[in-house]
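Reviewing the structure listed below.
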Amino acid sequence: MRFGILGPLAVTTDDGEPVVVPGAKVRMLLADLLAHRGTVVSADRLIEDLWGDDAPANPAAALQVRVSQLRKALNDAEPGARDLIESRPPGYRLRAADVDADRFAALADATDADRLGAALALWRGQAYADVADQEFARAEATRLTEQRLVVHERLAEARLARGEHDLVAAELAELVERHPLREGLRALHIRALYAAGRQAEALESYAGLRERLADELGLDPGPELAALYRRILEQDPGLSAAPPAAIVRNSLPAQLDELIGRAEALAELRTLIPAARLVTLVGPGGVGKTRLATAAAGDQAPPDGVHLVDLTPLPLADTRVAEQVLGVLGLHEAPGTSGSAADRLVAALRRREMLLVLDNCEHVIEAAAGVAGRLLREAPGVRLLATSREPLQLAGERVWEVAPLPLPADPDDVDAVRRSAAARLFAARAAAQHRGFRLDERTAPAVAQLCRRLDGLPLALELAATRVRALGVQGVVDGLDDRFRLLTTRQRDVPERQRTLTAVIAWSWDLLDPADRAVLAGLSVFRDGCTAEAAEHVCGADLDAVDRLVERSLVVAEPGPRFRLLESVAEFGAARLPGAAAVRERHAAYFLELAERADPLLRGPEQREWLAVLDAERANMRAALAHGGGLRLALALTWYWVLRGRLSEARTALAMPGTADEERRAAPWRLGLALLQGEPVPPGVREVLALDPAGRSAWFLAHAVLDRGDLALAADLLPTAFDDPWTEAAVLTSRAMLAHAAGDPSALEWAATRGDALFAELGDRWGRLRASDWLGGLAEFRGQNERAAAVHREGLRWATELSLWPEVGGKLSWLAWLAVQGRAYETARELAERAYRLAVEQGAPAALVFAEMSLGMAARRSGHLEQAVTHLTGIADRGRAEPQPPPYLPMILVELGYARELQGDPAAARALHTEAFEAAIGSTRDGIGAVEGLAALAEPAAAARMLGAAGTARDQNAAPAAPAEQDELDRVARRAIAALGRERFGDLVAEGAKLTLDQAVALGR
């Protein structure tokens, strides 16, 4: 596990996969432990750092929750990583870990420019950027910032010694502006300016510093800076640049614009190039291999220089690579040599130490590999950096894949778009073409879409940027359907093969033999990649052919394994696909067979594996629907879409026409999906149900009615005969939900336990998740809140492992509800907010209500009354508007009544509790809550009797008060005892224990 604090807090696995650390408090906890890594931080210190004066009611428990969340996040990403967070009295310790600040410190004491440059490349922004204003991070952030400046100064010293005066002058200008009074930094900048021939600027810089020191601090420049000033006035030869003969000859072209998004790649290559004799940068056309190679080579300084040899001018399969190298080096007629050009080249370089960059080897790959192989064997001082669309296949070759630039992690997050390398490159090039362009809230969504459509290819992004002035960003995105006409440039200093996107891809296409061209064109029918099996079935492509295309950087190999074309390559191939209609028919047939094979397996022990298969093929399934899969394919995918919460996608696909049998099978699913997305229950629901009275779709439709809150109709619609055990188990979980709403613990226990057992026999984890909702609800009924939380936490783990996001949201809502009942209001709020966001993303109205209920209750019970009233009133108003009052309405009204009471409006509170009691018909538990709410408003004697009646009802229904509910009861009891005395209060409670709930309500009106 790797941790980054040299910028915003970042965590990645050893494989480089980002780790999501959820929640601001959890991230702050991790930052605190990182700031004190290797030492124990006391729990009291952590609580103070995380909450300050606003600590929760039970701060130790709240801290333990954050620690558990942090351990889980680390362990989910890398099993065993939870052990990095150790419990050590009196608190916690982060064990020794890979932290970028420690790697920086290891490199910071170096004196050579390469290691110092690698140290600075680790920085991504301000140290501890997320928490830099927190006291626990301030000292280390300040120390690291100072150390970073020292490294900048050491690097400047090293580069000045190498004669790189212009470079140092340019790089230090911004640092001097940010740290104008730092004399060591200023001295280095003045030296670089003078050695670069800019004596007047050097003197002006000194004068500016002297004036500022006098005005702000009343000081003069230090003796070292003053001595440097005198040496400049005296034109001391020791300050001058090295004479031309001492400068290493370098044939690399000057960089005309900034290399964006490749800082990490450059840092890695700076270390790799000196350590390997041959490094080959491979990647698709337009990915930026040449730019990266020249930038990386420019940081090297071998005694005999760095030289770029562009092989593009050579015709296809030309053998004159050695002549091309000799020409660049000016060694056409090396004295004392004879024989072939390769012989002359080897003789000339046998005792030289240099770096040769062989650029664009792919079209002369055999000759380039031959020359490179001889140089590696016979010229030990020569190092080679090659760029090619395929490896040279030589012993000792280090193949380094140049990937497209990273895309925005979240296209809806403006800051995430701005941080992404692809968007930064596009924005920089667009701003150079159009002065008014800005990457902001208005343009960020279109820029993110553009980056994705162009796969982060630098050349494609740069070509697109030239069109912004004429079309605007959205216009460029809209024009990508005709990208090969759109993405061109008239820039005169760009090679012909890179002036259009067509030419870039055609360069690689022309190097293929006809059979491989046919395979590449056939692969264009897939969307977002395919397996080797799919490639063989649909396009007749064997694995060897696909591997050849991978080696030539035309096909991207991904874990799985899967094979994918970049979007631009796919469009190029699609335009050259012979027999396209037949290929698309085979594509649709293959994925129809796959979906129909997967559908029953999504209800058994292989559920997780087949969910992953369909996730990977989601884009192909959409294409197959368009290619002829039709309603039959949509029906096969419907349960998958439901499990994944993609209800709109399912509804759109099921709207396609089909055969009479397909239309009959689709009708219950169509109506059920509409209900789940908030549409009212239509009068003809029974007729639709009759189309499949004992099947899975019948249960689904009844379940959707239940989700809309019509309990009586749902109970009537649920099947009583079943086509299969799965349907029976699903019906039982729905009956458990009805029993929970009615407050019937015995019926709830039977239905939930039996449903869980059937799903366990089938191996259906989704079904066990559904059953666990009501097993947890049963435990909560009985006051076993810890047991209930354990059940729901187990379910949350299952749902997360299966990526069943609707169920993840449901489990978070259950846990939020239990946290409210257990007085952990801050935890409840965080859980409910996560559940709310998931419900919005999934478009699930019922899930939204459940999450918002917990938000409102947590707000009310933690004293945030205005926030609570806003949430609870909205839920209540929507519930009242339903044709059938939903089962949650009495509970919401009671909670809103308490909020109005605490706001000082007893009349409104009494009306709400009375309304709750009237709405609670059929649920004794909800009626008890309304009676207890009215008792809070009654005069003391009546309140005591009402508490007695409510207590009896709780005992008779095995429904003990949760801790948070008990707080309300204790509040009412204390008020009554204060007025009546403890003995009289006890007598009245005993009298009230003989009353019915209806009689008790009459006392409170």
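Each chain in the structure tokens gets a letter, A, B and so on, in the order shown; residues start at 1 in every chain, and ligands are counted from 1 in the order they appear.
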
Within 8 Å of A:Val306 using only C-alpha atoms, minus same-chain residues under 2 positions, as a short mmCIF file (atom, residue, chain, number, x, y, z; two decimals) with N, CA and C atoms, in the first residue's frame:
```cif
data_model
loop_
_atom_site.label_atom_id
_atom_site.label_comp_id
_atom_site.auth_asym_id
_atom_site.auth_seq_id
_atom_site.Cartn_x
_atom_site.Cartn_y
_atom_site.Cartn_z
N ARG A 249 27.54 18.22 -27.12
CA ARG A 249 26.77 18.38 -28.36
C ARG A 249 25.49 17.58 -28.23
N ASN A 250 24.41 18.19 -28.64
CA ASN A 250 23.09 17.60 -28.43
C ASN A 250 22.24 17.91 -29.65
N SER A 251 21.79 16.89 -30.35
CA SER A 251 21.00 17.11 -31.56
C SER A 251 19.50 17.02 -31.31
N LEU A 252 19.09 17.03 -30.06
CA LEU A 252 17.65 17.00 -29.78
C LEU A 252 17.00 18.31 -30.19
N ALA A 297 15.09 12.08 -22.89
CA ALA A 297 16.48 12.10 -23.34
C ALA A 297 17.15 13.42 -23.01
N GLY A 298 16.38 14.51 -23.04
CA GLY A 298 16.95 15.82 -22.75
C GLY A 298 17.47 15.95 -21.34
N GLN A 300 19.23 13.62 -19.91
CA GLN A 300 20.45 12.82 -19.82
C GLN A 300 21.65 13.66 -20.29
N ALA A 301 22.84 13.34 -19.78
CA ALA A 301 24.03 14.11 -20.16
C ALA A 301 25.26 13.20 -20.31
N PRO A 302 25.22 12.23 -21.24
CA PRO A 302 26.42 11.41 -21.46
C PRO A 302 27.52 12.24 -22.10
N ASP A 304 29.30 12.07 -24.78
CA ASP A 304 29.27 12.32 -26.22
C ASP A 304 27.89 12.71 -26.72
N LEU A 308 18.95 12.56 -31.66
CA LEU A 308 17.68 12.06 -32.16
C LEU A 308 17.83 11.67 -33.62
N MET A 354 27.23 7.74 -25.44
CA MET A 354 26.15 8.62 -25.88
C MET A 354 24.81 7.92 -25.76
N LEU A 355 23.78 8.70 -25.93
CA LEU A 355 22.41 8.18 -25.97
C LEU A 355 21.86 8.46 -27.36
N LEU A 356 21.44 7.41 -28.05
CA LEU A 356 20.81 7.54 -29.36
C LEU A 356 19.31 7.30 -29.22
N VAL A 357 18.52 8.22 -29.75
CA VAL A 357 17.08 8.07 -29.77
C VAL A 357 16.68 7.68 -31.19
#
```

12 Å contact set for A:Leu316, only C-alpha atoms, chain neighbours under 4 positions out, as a list of chain:residue names: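 Surrounding residues, per the criterion: A:Leu311, A:Thr312, A:Arg320, A:Val321, A:Asn360, A:Cys361, A:Glu362, A:His363, A:Val364, A:Ile365, A:Glu366, A:Ala367, A:Ala368, A:Trp507, A:Ser508, A:Asp510, A:Leu511, A:Leu512.
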
Residue selection dump (C-alpha atoms) as a CSV table (one decimal), in the first residue's frame:
```csv
chain,number,residue,atom,x,y,z
A,311,LEU,CA,13.5,7.2,-39.2
A,312,THR,CA,10.2,8.5,-40.7
A,320,ARG,CA,19.3,2.2,-44.6
A,321,VAL,CA,18.9,2.8,-40.8
A,360,ASN,CA,9.6,5.8,-35.4
A,361,CYS,CA,11.1,2.3,-35.9
A,362,GLU,CA,7.9,0.5,-36.7
A,363,HIS,CA,8.0,0.7,-40.6
A,364,VAL,CA,11.7,-0.3,-40.7
A,365,ILE,CA,11.5,-2.6,-37.7
A,366,GLU,CA,13.9,-5.4,-39.0
A,367,ALA,CA,16.6,-3.0,-40.0
A,368,ALA,CA,16.3,-0.9,-36.9
A,507,TRP,CA,0.3,4.8,-41.1
A,508,SER,CA,-0.2,1.7,-38.8
A,510,ASP,CA,-0.6,0.2,-44.1
A,511,LEU,CA,2.0,-1.8,-42.2
A,512,LEU,CA,-0.5,-4.8,-41.7
```

Just the residues within 9 Å of stretch 931-936 of chain A, please, counting only C-alpha atoms, with nothing from its chain fewer than 2 positions along; format it as a ChimeraX atom specification. /A:894-895,897-898,901,909-910,913-914,917,926-929,938-940,942-947,949-950,968-969,971-973,975,997-998,1000-1001,1003-1005

Would you put the residues from that selection into a file with C-alpha atoms, as a PDB file, in the first residue's frame?
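The resulting part-v4.pdb:
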```pdb
ATOM      1  CA  VAL A 894     -44.471  11.299  15.094  1.00  0.00           C
ATOM      2  CA  GLU A 895     -40.910  12.463  14.488  1.00  0.00           C
ATOM      3  CA  GLY A 897     -44.460  16.177  15.930  1.00  0.00           C
ATOM      4  CA  TYR A 898     -41.501  15.977  18.315  1.00  0.00           C
ATOM      5  CA  GLU A 901     -42.887  20.518  20.035  1.00  0.00           C
ATOM      6  CA  ALA A 909     -47.197  18.889  17.402  1.00  0.00           C
ATOM      7  CA  ARG A 910     -50.488  17.559  18.861  1.00  0.00           C
ATOM      8  CA  HIS A 913     -49.235  12.975  16.658  1.00  0.00           C
ATOM      9  CA  THR A 914     -53.003  12.595  16.350  1.00  0.00           C
ATOM     10  CA  PHE A 917     -52.200   7.587  15.395  1.00  0.00           C
ATOM     11  CA  ASP A 926     -46.621   2.980  15.132  1.00  0.00           C
ATOM     12  CA  GLY A 927     -49.658   3.605  17.340  1.00  0.00           C
ATOM     13  CA  ILE A 928     -47.460   3.296  20.433  1.00  0.00           C
ATOM     14  CA  GLY A 929     -45.116   5.958  19.050  1.00  0.00           C
ATOM     15  CA  ALA A 938     -50.169  16.271  27.959  1.00  0.00           C
ATOM     16  CA  GLU A 939     -50.534  17.580  31.514  1.00  0.00           C
ATOM     17  CA  PRO A 940     -48.502  15.452  34.015  1.00  0.00           C
ATOM     18  CA  ALA A 942     -52.507  12.322  31.784  1.00  0.00           C
ATOM     19  CA  ALA A 943     -48.927  11.896  30.570  1.00  0.00           C
ATOM     20  CA  ALA A 944     -48.244   9.299  33.283  1.00  0.00           C
ATOM     21  CA  ARG A 945     -51.363   7.265  32.367  1.00  0.00           C
ATOM     22  CA  MET A 946     -50.479   7.448  28.657  1.00  0.00           C
ATOM     23  CA  LEU A 947     -46.967   6.193  29.360  1.00  0.00           C
ATOM     24  CA  ALA A 949     -50.746   2.360  28.338  1.00  0.00           C
ATOM     25  CA  ALA A 950     -47.845   2.619  25.865  1.00  0.00           C
ATOM     26  CA  GLU A 968     -38.053  10.722  24.829  1.00  0.00           C
ATOM     27  CA  LEU A 969     -39.864   8.577  27.389  1.00  0.00           C
ATOM     28  CA  ARG A 971     -37.895  13.240  29.235  1.00  0.00           C
ATOM     29  CA  VAL A 972     -41.689  12.956  29.634  1.00  0.00           C
ATOM     30  CA  ALA A 973     -41.340  10.896  32.817  1.00  0.00           C
ATOM     31  CA  ARG A 975     -41.390  16.243  33.791  1.00  0.00           C
ATOM     32  CA  LEU A 997     -54.179   2.857  23.154  1.00  0.00           C
ATOM     33  CA  ASP A 998     -57.421   4.444  21.917  1.00  0.00           C
ATOM     34  CA  ALA A1000     -54.834   6.756  26.045  1.00  0.00           C
ATOM     35  CA  VAL A1001     -55.056   8.945  22.926  1.00  0.00           C
ATOM     36  CA  LEU A1003     -56.487  11.619  27.312  1.00  0.00           C
ATOM     37  CA  GLY A1004     -54.007  13.531  25.162  1.00  0.00           C
ATOM     38  CA  ARG A1005     -56.429  15.326  22.872  1.00  0.00           C
TER      39      ARG A1005
END
```

List the neighbours of stretch 394-403 of chain A out to 12 Å using only C-alpha atoms; skip same-chain residues closer than 6 positions along the sequence, and give me the result as number ranges by chain. A: 261-262, 264-266, 268-269, 272-293, 365-366, 368-377, 383-388, 421-422, 455-458, 550-553, 556-557, 566

Mind checking DSSP for stretch 51-114 of chain A and telling me the strand (DSSP E) residues as an NGL selection string? :A and (85-88 or 91-94 or 98-99)

Output of the above residues as a PDB file, in the first residue's frame, restricted to N, CA and C atoms:
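Heads up, here's the output in out-v1.pdb:
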```
ATOM      1  N   ILE A  85      -3.043  -0.306  10.322  1.00  0.00           N
ATOM      2  CA  ILE A  85      -3.556   0.550  11.403  1.00  0.00           C
ATOM      3  C   ILE A  85      -3.578  -0.296  12.670  1.00  0.00           C
ATOM      4  N   GLU A  86      -2.626  -0.065  13.553  1.00  0.00           N
ATOM      5  CA  GLU A  86      -2.491  -0.866  14.767  1.00  0.00           C
ATOM      6  C   GLU A  86      -3.137  -0.171  15.959  1.00  0.00           C
ATOM      7  N   SER A  87      -3.803  -0.954  16.789  1.00  0.00           N
ATOM      8  CA  SER A  87      -4.310  -0.451  18.065  1.00  0.00           C
ATOM      9  C   SER A  87      -3.204  -0.620  19.095  1.00  0.00           C
ATOM     10  N   ARG A  88      -2.698   0.491  19.602  1.00  0.00           N
ATOM     11  CA  ARG A  88      -1.639   0.466  20.607  1.00  0.00           C
ATOM     12  C   ARG A  88      -2.011   1.454  21.709  1.00  0.00           C
ATOM     13  N   GLY A  91      -3.730   4.617  21.958  1.00  0.00           N
ATOM     14  CA  GLY A  91      -4.456   5.025  20.766  1.00  0.00           C
ATOM     15  C   GLY A  91      -4.164   4.126  19.579  1.00  0.00           C
ATOM     16  N   TYR A  92      -3.675   4.740  18.492  1.00  0.00           N
ATOM     17  CA  TYR A  92      -3.472   4.013  17.248  1.00  0.00           C
ATOM     18  C   TYR A  92      -2.152   4.437  16.610  1.00  0.00           C
ATOM     19  N   ARG A  93      -1.638   3.528  15.779  1.00  0.00           N
ATOM     20  CA  ARG A  93      -0.380   3.807  15.096  1.00  0.00           C
ATOM     21  C   ARG A  93      -0.477   3.302  13.660  1.00  0.00           C
ATOM     22  N   LEU A  94       0.047   4.105  12.720  1.00  0.00           N
ATOM     23  CA  LEU A  94       0.194   3.652  11.348  1.00  0.00           C
ATOM     24  C   LEU A  94       1.559   2.993  11.220  1.00  0.00           C
ATOM     25  N   ASP A  98       4.856   2.673   2.776  1.00  0.00           N
ATOM     26  CA  ASP A  98       5.469   3.365   1.648  1.00  0.00           C
ATOM     27  C   ASP A  98       4.792   4.732   1.498  1.00  0.00           C
ATOM     28  N   VAL A  99       5.478   5.779   1.934  1.00  0.00           N
ATOM     29  CA  VAL A  99       4.935   7.146   1.901  1.00  0.00           C
ATOM     30  C   VAL A  99       5.820   7.975   0.980  1.00  0.00           C
TER      31      VAL A  99
END
```

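Closest approach to A:Ala161 from the set A:Leu233, A:Asp112, A:Pro886, A:Gln199 is made by A:Asp112, with distances taken over only C-alpha atoms.
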
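Picture a line from atom CA of A:Asp877 to atom CA of A:Leu889; it runs 9.3 Å.
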
Please extract the residues of stretch 452-608 of chain A with a backbone DSSP assignment of helix (DSSP H, G or I) and present them as a ChimeraX atom specification. /A:452-453,458-465,468-486,496-498,501-509,514-523,532-539,543-551,567-574,580-601,607-608

Just want the 8 Å neighbourhood of A:Ala446, counted on only C-alpha atoms, with same-chain residues fewer than 3 positions away dropped. Output as a compact mmCIF listing (two decimals) with C-alpha atoms, in the first residue's frame.
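Output saved as out-v6.txt:
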```txt
# COMPACT_ATOMS: atom_id res chain seq x y z
CA THR A 443 -16.85 23.89 -20.42
CA GLN A 449 -16.64 13.96 -22.86
CA LEU A 450 -14.16 14.99 -25.55
CA VAL A 473 -15.91 22.83 -27.20
CA GLN A 474 -19.42 21.40 -27.52
CA VAL A 477 -17.72 17.10 -29.35
```

Distance query stretch 829-844 of chain A at most 8 Å, only C-alpha atoms, self and fewer than 4 positions along chain excluded, as a PDB file with N, CA and C atoms, in the first residue's frame:
```
ATOM      1  N   GLY A  23     -15.293   9.506   3.172  1.00  0.00           N
ATOM      2  CA  GLY A  23     -15.627  10.411   4.265  1.00  0.00           C
ATOM      3  C   GLY A  23     -14.505  11.335   4.670  1.00  0.00           C
ATOM      4  N   GLY A 645     -29.560  -1.835 -10.606  1.00  0.00           N
ATOM      5  CA  GLY A 645     -30.249  -0.572 -10.391  1.00  0.00           C
ATOM      6  C   GLY A 645     -30.382   0.270 -11.646  1.00  0.00           C
ATOM      7  N   ARG A 646     -30.220  -0.333 -12.828  1.00  0.00           N
ATOM      8  CA  ARG A 646     -30.297   0.414 -14.091  1.00  0.00           C
ATOM      9  C   ARG A 646     -31.712   0.311 -14.653  1.00  0.00           C
ATOM     10  N   LEU A 647     -32.639   0.906 -13.924  1.00  0.00           N
ATOM     11  CA  LEU A 647     -34.053   0.740 -14.260  1.00  0.00           C
ATOM     12  C   LEU A 647     -34.418   1.477 -15.545  1.00  0.00           C
ATOM     13  N   LEU A 676     -41.522   1.068  -9.906  1.00  0.00           N
ATOM     14  CA  LEU A 676     -40.312   1.296  -9.107  1.00  0.00           C
ATOM     15  C   LEU A 676     -39.734   2.684  -9.349  1.00  0.00           C
ATOM     16  N   GLN A 677     -40.024   3.260 -10.487  1.00  0.00           N
ATOM     17  CA  GLN A 677     -39.533   4.615 -10.765  1.00  0.00           C
ATOM     18  C   GLN A 677     -40.566   5.686 -10.444  1.00  0.00           C
ATOM     19  N   GLY A 678     -41.593   5.317  -9.652  1.00  0.00           N
ATOM     20  CA  GLY A 678     -42.478   6.333  -9.094  1.00  0.00           C
ATOM     21  C   GLY A 678     -43.799   6.528  -9.784  1.00  0.00           C
ATOM     22  N   TRP A 805     -25.544  -1.975  -6.087  1.00  0.00           N
ATOM     23  CA  TRP A 805     -25.635  -0.642  -5.487  1.00  0.00           C
ATOM     24  C   TRP A 805     -27.005  -0.327  -4.901  1.00  0.00           C
ATOM     25  N   PRO A 806     -28.128  -0.787  -5.473  1.00  0.00           N
ATOM     26  CA  PRO A 806     -29.404  -0.555  -4.778  1.00  0.00           C
ATOM     27  C   PRO A 806     -29.408  -1.180  -3.377  1.00  0.00           C
ATOM     28  N   VAL A 808     -26.701  -1.893  -1.584  1.00  0.00           N
ATOM     29  CA  VAL A 808     -25.748  -1.144  -0.757  1.00  0.00           C
ATOM     30  C   VAL A 808     -26.454   0.048  -0.124  1.00  0.00           C
ATOM     31  N   GLY A 809     -27.226   0.783  -0.943  1.00  0.00           N
ATOM     32  CA  GLY A 809     -27.968   1.920  -0.406  1.00  0.00           C
ATOM     33  C   GLY A 809     -28.961   1.502   0.654  1.00  0.00           C
ATOM     34  N   GLY A 810     -29.651   0.377   0.413  1.00  0.00           N
ATOM     35  CA  GLY A 810     -30.612  -0.106   1.403  1.00  0.00           C
ATOM     36  C   GLY A 810     -29.944  -0.462   2.719  1.00  0.00           C
ATOM     37  N   LEU A 812     -27.084   0.672   3.881  1.00  0.00           N
ATOM     38  CA  LEU A 812     -26.633   1.904   4.529  1.00  0.00           C
ATOM     39  C   LEU A 812     -27.795   2.597   5.244  1.00  0.00           C
ATOM     40  N   SER A 813     -28.979   2.565   4.629  1.00  0.00           N
ATOM     41  CA  SER A 813     -30.158   3.176   5.261  1.00  0.00           C
ATOM     42  C   SER A 813     -30.545   2.420   6.533  1.00  0.00           C
ATOM     43  N   LEU A 815     -28.543   0.707   8.462  1.00  0.00           N
ATOM     44  CA  LEU A 815     -27.529   1.000   9.485  1.00  0.00           C
ATOM     45  C   LEU A 815     -27.682   2.426  10.006  1.00  0.00           C
ATOM     46  N   ALA A 816     -28.076   3.341   9.118  1.00  0.00           N
ATOM     47  CA  ALA A 816     -28.329   4.712   9.568  1.00  0.00           C
ATOM     48  C   ALA A 816     -29.501   4.748  10.549  1.00  0.00           C
ATOM     49  N   TYR A 825     -25.767   9.836  16.295  1.00  0.00           N
ATOM     50  CA  TYR A 825     -26.407  10.667  15.288  1.00  0.00           C
ATOM     51  C   TYR A 825     -25.449  11.100  14.176  1.00  0.00           C
ATOM     52  N   LEU A 848     -34.936   6.477  -1.630  1.00  0.00           N
ATOM     53  CA  LEU A 848     -34.706   7.887  -1.296  1.00  0.00           C
ATOM     54  C   LEU A 848     -35.436   8.244  -0.008  1.00  0.00           C
ATOM     55  N   ALA A 851     -33.638   6.711   3.084  1.00  0.00           N
ATOM     56  CA  ALA A 851     -32.420   7.456   3.431  1.00  0.00           C
ATOM     57  C   ALA A 851     -32.763   8.806   4.049  1.00  0.00           C
ATOM     58  N   GLU A 852     -33.755   9.494   3.474  1.00  0.00           N
ATOM     59  CA  GLU A 852     -34.097  10.819   3.985  1.00  0.00           C
ATOM     60  C   GLU A 852     -34.745  10.736   5.362  1.00  0.00           C
ATOM     61  N   SER A 854     -33.836   8.762   7.785  1.00  0.00           N
ATOM     62  CA  SER A 854     -32.739   8.734   8.754  1.00  0.00           C
ATOM     63  C   SER A 854     -32.054  10.086   8.854  1.00  0.00           C
ATOM     64  N   LEU A 855     -31.922  10.786   7.719  1.00  0.00           N
ATOM     65  CA  LEU A 855     -31.337  12.125   7.762  1.00  0.00           C
ATOM     66  C   LEU A 855     -32.169  13.043   8.653  1.00  0.00           C
ATOM     67  N   ALA A 858     -31.972  11.871  12.421  1.00  0.00           N
ATOM     68  CA  ALA A 858     -30.669  12.196  13.006  1.00  0.00           C
ATOM     69  C   ALA A 858     -30.559  13.690  13.270  1.00  0.00           C
ATOM     70  N   ALA A 859     -31.071  14.493  12.351  1.00  0.00           N
ATOM     71  CA  ALA A 859     -31.019  15.942  12.529  1.00  0.00           C
ATOM     72  C   ALA A 859     -31.871  16.367  13.720  1.00  0.00           C
TER      73      ALA A 859
END
```

I'd like the neighbourhood of A:Ala43 as a count of residues only, where a residue qualifies if any of its atoms comes within 9 Å (using only C-alpha atoms), though same-chain residues fewer than 3 positions away should be ignored. 9
